[in-house]
Structures are given as structure tokens and as C-alpha cells.
Amino acid sequence: MRVILACGGTAGHINPALAIADEIMRTAPGSKVLFIGSGRRLENKLVPEAGYTLENIRISGFERGMSPKQIIKNIQTLKNIATAQAQTGEIFRRFKPDIVVGTGGYVCYPVIRKAIQCKLPTIIHESNAVPGLTTQLLAGRVDKVLVAFPDTANLYPRPEKVEYVGTPVRRDFYKYNKDEARLKLGVDGRPLVVSYWGSLGAERMNEIITDFIPRNIESRMFNHIHATGGNEAVTKAFIRRLQQKTAGMNIPPWVDIRTYIDNMPAVMTAADLILCRAGASTIAELTTLGRPAVMVPSPNVAGNHQEKNAQMLEKIGGAVVMDEKDCTGEALYNVVKKLLSDKAALSKMADAMKRTGVPDAANKIVRVIISMI
């Protein structure tokens, strides 16, 4: 098979595409997979690291307002779409794809639109509980819409085209059992709490965690791995702020502060509780592994989709949701303390998460791709 995958912007769009690519190569060795991105830092890092070829096109996103500045930017975006479609057409002529699959991000729009014009089979995968702008624009015209959450077909203009498959995760997330993961990380017998707020970090949430950590240092209740996101400068600033709040106290070895969690499958598998945003990729990983979570949805995302994602998990009993504006270090610590003190309740949350997961999501998607080709 010759498959083009269009994705970009965030890990929530890129990681599912990488999982699909891995499953294509596992299922049909000798296939060719090409990624089309928008040139942003994250896809430029993750896609080549995974061993796949990436070609970038010039595209920008739409602004959701009517200020003069936003109108000017949207006019420029319309011009960029024309350029991006021309670039995409040239890529199609060289690569000769059998099918084009989009997993989200504004780069999908010109790529999928060009594929429709070329009468190629097309798929759009929506990882969030509600369709994003790109999916809304394309859903009525693509051949198939694949969704991450059940009972959401009525949100799309052509429900008969919608198929529930879940969101795929990389095969590394099936690599360990919990005991193996804890041994690999060298954590002691206390519970392990993991916190992270996305690869770009979140200044407000990092500030809250600097008030959260001293309470755990005092109580010694659990091991803690925290990723600041951003870059090394962000992590250094975080540690300075934490030392100010602890009067220069040494950070114990069981509080592990990192910029980025590069061994996420082992860390999440070892965790007893995860504190995080509610992005689509994170939710797929939580439900695949069956890990309970305290979720603080980002208020700075399109359509407030993270809050809707989190509410879905809270409704089934897998997560506790906190509003960022009401979240403090003390409030977050009290929620974590209560959950870790009730093992039965934590176990029920884990079971609820696991029941929601679709462990064979990547295989389901590849079967759809094969059937369409």
C-alpha cells in the first residue's frame, strides 16, 4: 500500500498517525507511508524520530473572531490554502498514494480536499469527543469518518459514514506490566503519581505544582514524576520557584522533575494516578492502560474540546475533573490524597478507564484502509 498521513500541530494529532503508520508496516510489510505536515516543531521532531518521511506544506489556521487583525489573518489563510493544495498536488504526483488519511490539525484541510478532487479514497479520524473545525469542514465530503468516542455519529452531517474505532496508541504502550514498569523506574512501594500538562508546558499549572510538591515532601505520601514541558529554561525556572517555596529544601529523589517524559509508556504503566490535561492522545493512552486521572482541561483550546473530553471520562467514572481557575496546589493535593487513600475507589476508576479503551484501534483503522483500497 501507498498511504499518505496528514497531521500536525499537537501530539494529539501526530501520535495517532504514528500508531496507524506502525500498524500499516506491521500488517502489510513493504508498504510506503508518507507524512504531510505544516512544518511545526513537534511533527518535525516526532515523525523523523519514528523513522518516517515527512514533507511540509505552507498552511495556517483560521481565527475564530472578527477583529481586523483576525480578518486579515484569515484572508492570508485562504491564500495559503491555494498554495498548500498546489504543493499537495505535486506530492501526490510524485508519491502516487492509494489513500489519504487525516488525523487532525489544519494541515489536513488542503491535503484531504486535494485528495477528494483527485478522486482518491479519503478518511478523517477525529480523536476528540466533538469534531474540530477541520473535521467539520471535511466530514460531509470524505469517504469515511472514524471517531474515538462511541455514540457520536449524530454530531456529523453524514452519520452513515461514521465508524467508532477509538484512538490508536503506539505499540510501546503494550510493552510492560505494572510491576515491570515500576522496577524499571526504581520506585519504592508507595504509590506513584505522574503529572504533565503537554509538551509545550502550561505556566499556570506548573505554578500550581510548585505549591503541590512541598505538601507531598512534608507528608512523604507518594512518589512523584512531574514534566514541566517547554525547554530546559522552563524546568530551571520551575525548580527555582519550588526551592523558594520550600525555603531552599533539597528536593528528594522520589520527586523526579523533568522537562519531558521520554519513556512515557513505562511511566504511565507504573503510575497509580495521573494528573493531566484532557487532550485526545492523553485520553487514548489513559484508557488503553486503564489509568485513573485527575484532569484539568486546558481553557485555551478550540471549541473547549478538552473540557468535553474530560467530562466524558468523568461521566463513566474514570476521572475527576477540576477547572483550572479553581485549581490550587492545596486543592489538587487534597483530591490526590483522598483518591490514594481509597484503593477500592481508585481501582473502580481504573476499571472504568480500561472499559472505555479500544486496544486494537490501530488495527481497526488499518482494516478500514485495506477495505477501502
# chains A, B, ... in the order shown; residues from 1 in each chain; ligands from 1
call {"tool": "residues_around", "arguments": {"residues": "His226 of chain A", "least_positions_apart": "2", "cutoff": "9 Å", "atoms": "only C-alpha atoms", "output": "PDB file with C-alpha atoms, in the first residue's frame"}}
result
ATOM      1  CA  VAL A 193       1.682   9.988  40.869  1.00  0.00           C
ATOM      2  CA  VAL A 194       2.613  11.378  37.440  1.00  0.00           C
ATOM      3  CA  SER A 195       1.812  14.930  36.324  1.00  0.00           C
ATOM      4  CA  TYR A 196       2.276  16.646  32.977  1.00  0.00           C
ATOM      5  CA  ILE A 209       2.533  22.108  41.044  1.00  0.00           C
ATOM      6  CA  HIS A 224       6.020  11.837  42.038  1.00  0.00           C
ATOM      7  CA  THR A 228       7.330  20.785  33.095  1.00  0.00           C
ATOM      8  CA  VAL A 255      10.268  13.656  43.440  1.00  0.00           C
ATOM      9  CA  ASP A 256      11.529  13.433  39.848  1.00  0.00           C
ATOM     10  CA  ILE A 257      11.274  16.716  37.897  1.00  0.00           C
ATOM     11  CA  ARG A 258      11.861  16.505  34.159  1.00  0.00           C
ATOM     12  CA  THR A 259      11.378  18.690  31.110  1.00  0.00           C
ATOM     13  CA  TYR A 260       9.883  15.889  29.056  1.00  0.00           C
ATOM     14  CA  ILE A 261       8.890  12.275  29.803  1.00  0.00           C
TER      15      ILE A 261
END
call {"tool": "residues_around", "arguments": {"residues": "segment 175-182 of chain A", "least_positions_apart": "3", "cutoff": "7 Å", "atoms": "only C-alpha atoms", "output": "ChimeraX atom specification"}}
result
/A:172,185-187,266-267,269-270
call {"tool": "select_by_dssp", "arguments": {"residues": "segment 147-251 of chain A", "states": "helix (DSSP H, G or I)", "output": "JSON, numbers by chain"}}
result
{"A": [153, 154, 155, 159, 160, 161, 171, 172, 173, 174, 178, 179, 180, 181, 182, 183, 184, 185, 203, 204, 205, 206, 207, 208, 209, 210, 211, 212, 213, 214, 215, 216, 217, 218, 219, 232, 233, 234, 235, 236, 237, 238, 239, 240, 241, 242, 243, 244, 245]}
call {"tool": "write_last_selection", "arguments": {"atoms": "N, CA and C atoms", "output": "compact mmCIF listing (two decimals), in the first residue's frame"}}
result
# COMPACT_ATOMS: atom_id res chain seq x y z
N ALA A 153 -22.01 9.62 16.33
CA ALA A 153 -22.28 9.73 14.89
C ALA A 153 -23.24 10.87 14.57
N ASN A 154 -24.16 11.16 15.51
CA ASN A 154 -25.16 12.21 15.26
C ASN A 154 -24.55 13.62 15.22
N LEU A 155 -23.26 13.75 15.58
CA LEU A 155 -22.59 15.05 15.53
C LEU A 155 -22.09 15.37 14.12
N PRO A 159 -24.07 10.62 9.15
CA PRO A 159 -23.83 9.60 10.18
C PRO A 159 -23.53 8.22 9.61
N GLU A 160 -24.02 7.93 8.43
CA GLU A 160 -23.78 6.61 7.84
C GLU A 160 -22.31 6.40 7.46
N LYS A 161 -21.55 7.49 7.36
CA LYS A 161 -20.13 7.39 7.04
C LYS A 161 -19.26 7.23 8.29
N ARG A 171 2.64 1.09 19.88
CA ARG A 171 2.72 -0.28 20.42
C ARG A 171 3.55 -0.34 21.69
N ASP A 172 4.41 0.67 21.92
CA ASP A 172 5.22 0.71 23.15
C ASP A 172 4.35 0.70 24.40
N PHE A 173 3.10 1.15 24.29
CA PHE A 173 2.22 1.21 25.46
C PHE A 173 1.72 -0.17 25.88
N TYR A 174 2.04 -1.20 25.11
CA TYR A 174 1.67 -2.57 25.48
C TYR A 174 2.89 -3.36 25.95
N LYS A 178 2.62 -3.62 35.11
CA LYS A 178 2.88 -2.57 36.10
C LYS A 178 4.11 -2.86 36.95
N ASP A 179 4.28 -4.12 37.38
CA ASP A 179 5.44 -4.46 38.22
C ASP A 179 6.74 -4.25 37.46
N GLU A 180 6.77 -4.65 36.17
CA GLU A 180 7.97 -4.46 35.35
C GLU A 180 8.29 -2.97 35.19
N ALA A 181 7.25 -2.18 34.98
CA ALA A 181 7.46 -0.74 34.79
C ALA A 181 7.99 -0.09 36.06
N ARG A 182 7.44 -0.47 37.22
CA ARG A 182 7.90 0.11 38.48
C ARG A 182 9.35 -0.28 38.75
N LEU A 183 9.70 -1.52 38.43
CA LEU A 183 11.07 -1.98 38.62
C LEU A 183 12.01 -1.21 37.71
N LYS A 184 11.59 -0.97 36.49
CA LYS A 184 12.41 -0.23 35.52
C LYS A 184 12.66 1.19 36.00
N LEU A 185 11.65 1.80 36.64
CA LEU A 185 11.79 3.17 37.11
C LEU A 185 12.47 3.27 38.48
N GLU A 203 2.15 27.30 32.03
CA GLU A 203 2.73 28.13 33.10
C GLU A 203 1.87 28.11 34.35
N ARG A 204 0.57 28.26 34.18
CA ARG A 204 -0.34 28.30 35.34
C ARG A 204 -0.30 26.97 36.10
N MET A 205 -0.35 25.83 35.38
CA MET A 205 -0.36 24.54 36.05
C MET A 205 1.00 24.22 36.69
N ASN A 206 2.09 24.62 36.05
CA ASN A 206 3.40 24.43 36.66
C ASN A 206 3.51 25.21 37.96
N GLU A 207 2.93 26.41 37.99
CA GLU A 207 2.94 27.21 39.21
C GLU A 207 2.16 26.49 40.33
N ILE A 208 1.04 25.89 39.97
CA ILE A 208 0.23 25.15 40.95
C ILE A 208 1.02 23.96 41.49
N ILE A 209 1.77 23.28 40.61
CA ILE A 209 2.53 22.11 41.04
C ILE A 209 3.66 22.49 42.00
N THR A 210 4.20 23.71 41.87
CA THR A 210 5.23 24.13 42.83
C THR A 210 4.64 24.34 44.23
N ASP A 211 3.34 24.49 44.32
CA ASP A 211 2.67 24.57 45.61
C ASP A 211 2.18 23.19 46.06
N PHE A 212 2.05 22.28 45.11
CA PHE A 212 1.59 20.90 45.37
C PHE A 212 2.72 20.03 45.93
N ILE A 213 3.91 20.16 45.32
CA ILE A 213 5.03 19.29 45.68
C ILE A 213 5.45 19.43 47.14
N PRO A 214 5.58 20.67 47.69
CA PRO A 214 6.00 20.77 49.10
C PRO A 214 5.08 20.03 50.07
N ARG A 215 3.80 19.95 49.77
CA ARG A 215 2.87 19.23 50.64
C ARG A 215 3.18 17.75 50.65
N ASN A 216 3.59 17.22 49.49
CA ASN A 216 3.96 15.80 49.43
C ASN A 216 5.33 15.56 50.05
N ILE A 217 6.25 16.51 49.91
CA ILE A 217 7.56 16.36 50.56
C ILE A 217 7.37 16.25 52.07
N GLU A 218 6.44 17.05 52.59
CA GLU A 218 6.17 17.02 54.03
C GLU A 218 5.50 15.71 54.46
N SER A 219 4.53 15.24 53.65
CA SER A 219 3.78 14.03 54.05
C SER A 219 4.46 12.74 53.63
N GLU A 232 14.56 23.42 28.68
CA GLU A 232 15.36 23.35 29.92
C GLU A 232 15.24 24.62 30.75
N ALA A 233 15.07 25.77 30.09
CA ALA A 233 14.92 27.03 30.83
C ALA A 233 13.65 27.02 31.66
N VAL A 234 12.58 26.42 31.12
CA VAL A 234 11.32 26.31 31.87
C VAL A 234 11.52 25.45 33.11
N THR A 235 12.24 24.34 32.94
CA THR A 235 12.48 23.43 34.07
C THR A 235 13.35 24.11 35.14
N LYS A 236 14.37 24.83 34.74
CA LYS A 236 15.22 25.53 35.72
C LYS A 236 14.42 26.58 36.49
N ALA A 237 13.55 27.30 35.80
CA ALA A 237 12.71 28.30 36.46
C ALA A 237 11.75 27.62 37.43
N PHE A 238 11.22 26.48 37.04
CA PHE A 238 10.32 25.71 37.90
C PHE A 238 11.03 25.30 39.19
N ILE A 239 12.24 24.78 39.05
CA ILE A 239 12.99 24.32 40.23
C ILE A 239 13.34 25.51 41.14
N ARG A 240 13.70 26.66 40.55
CA ARG A 240 13.99 27.85 41.37
C ARG A 240 12.75 28.27 42.16
N ARG A 241 11.59 28.26 41.50
CA ARG A 241 10.34 28.64 42.17
C ARG A 241 10.00 27.65 43.28
N LEU A 242 10.24 26.37 43.02
CA LEU A 242 9.97 25.35 44.03
C LEU A 242 10.88 25.52 45.24
N GLN A 243 12.15 25.81 45.00
CA GLN A 243 13.09 25.99 46.11
C GLN A 243 12.75 27.22 46.95
N GLN A 244 12.22 28.24 46.29
CA GLN A 244 11.76 29.42 47.04
C GLN A 244 10.61 29.06 47.97
N LYS A 245 9.72 28.22 47.50
CA LYS A 245 8.54 27.84 48.29
C LYS A 245 8.88 26.84 49.40
call {"tool": "closest_residue", "arguments": {"among": "A:Pro48, A:Pro121, A:Gly30, A:Gly105", "to": "Gly9 of chain A", "atoms": "only C-alpha atoms"}}
result
A:Gly105
call {"tool": "closest_residue", "arguments": {"among": "A:Lys343, A:His125, A:Lys315, A:Arg40", "to": "Ala280 of chain A", "atoms": "only C-alpha atoms"}}
result
A:His125
call {"tool": "atom_distance", "arguments": {"atom1": "atom CA of Glu126 of chain A", "atom2": "atom CA of Asp22 of chain A"}}
result
18.6 Å
call {"tool": "closest_residue", "arguments": {"among": "A:His305, A:Lys45, A:Arg170, A:Arg58", "to": "Ile81 of chain A", "atoms": "only C-alpha atoms"}}
result
A:Arg58
call {"tool": "residues_around", "arguments": {"residues": "Asp351 of chain A", "least_positions_apart": "4", "cutoff": "9 Å", "atoms": "only C-alpha atoms", "output": "PyMOL selection string"}}
result
chain A and resi 290-292+317-318+346-347+355-356
call {"tool": "write_last_selection", "arguments": {"atoms": "C-alpha atoms", "output": "PDB file, in the first residue's frame"}}
result
ATOM      1  CA  GLY A 290      -6.638   1.760  32.414  1.00  0.00           C
ATOM      2  CA  ARG A 291      -5.140   4.565  34.499  1.00  0.00           C
ATOM      3  CA  PRO A 292      -7.308   6.819  36.720  1.00  0.00           C
ATOM      4  CA  GLY A 317     -16.256   7.196  36.477  1.00  0.00           C
ATOM      5  CA  GLY A 318     -12.660   7.135  35.241  1.00  0.00           C
ATOM      6  CA  LEU A 346      -9.144   4.102  42.661  1.00  0.00           C
ATOM      7  CA  SER A 347      -9.485   0.546  41.356  1.00  0.00           C
ATOM      8  CA  ARG A 355     -13.519  -0.471  29.674  1.00  0.00           C
ATOM      9  CA  THR A 356     -13.503   2.731  27.611  1.00  0.00           C
TER      10      THR A 356
END
call {"tool": "atom_distance", "arguments": {"atom1": "atom CA of Asp143 of chain A", "atom2": "atom CA of Ala115 of chain A"}}
result
10.8 Å
call {"tool": "residues_around", "arguments": {"residues": "segment 144-147 of chain A", "least_positions_apart": "4", "cutoff": "9 Å", "atoms": "only C-alpha atoms", "output": "ChimeraX atom specification"}}
result
/A:121-129,131,135,139-140,152-153,156,158-167,365,368
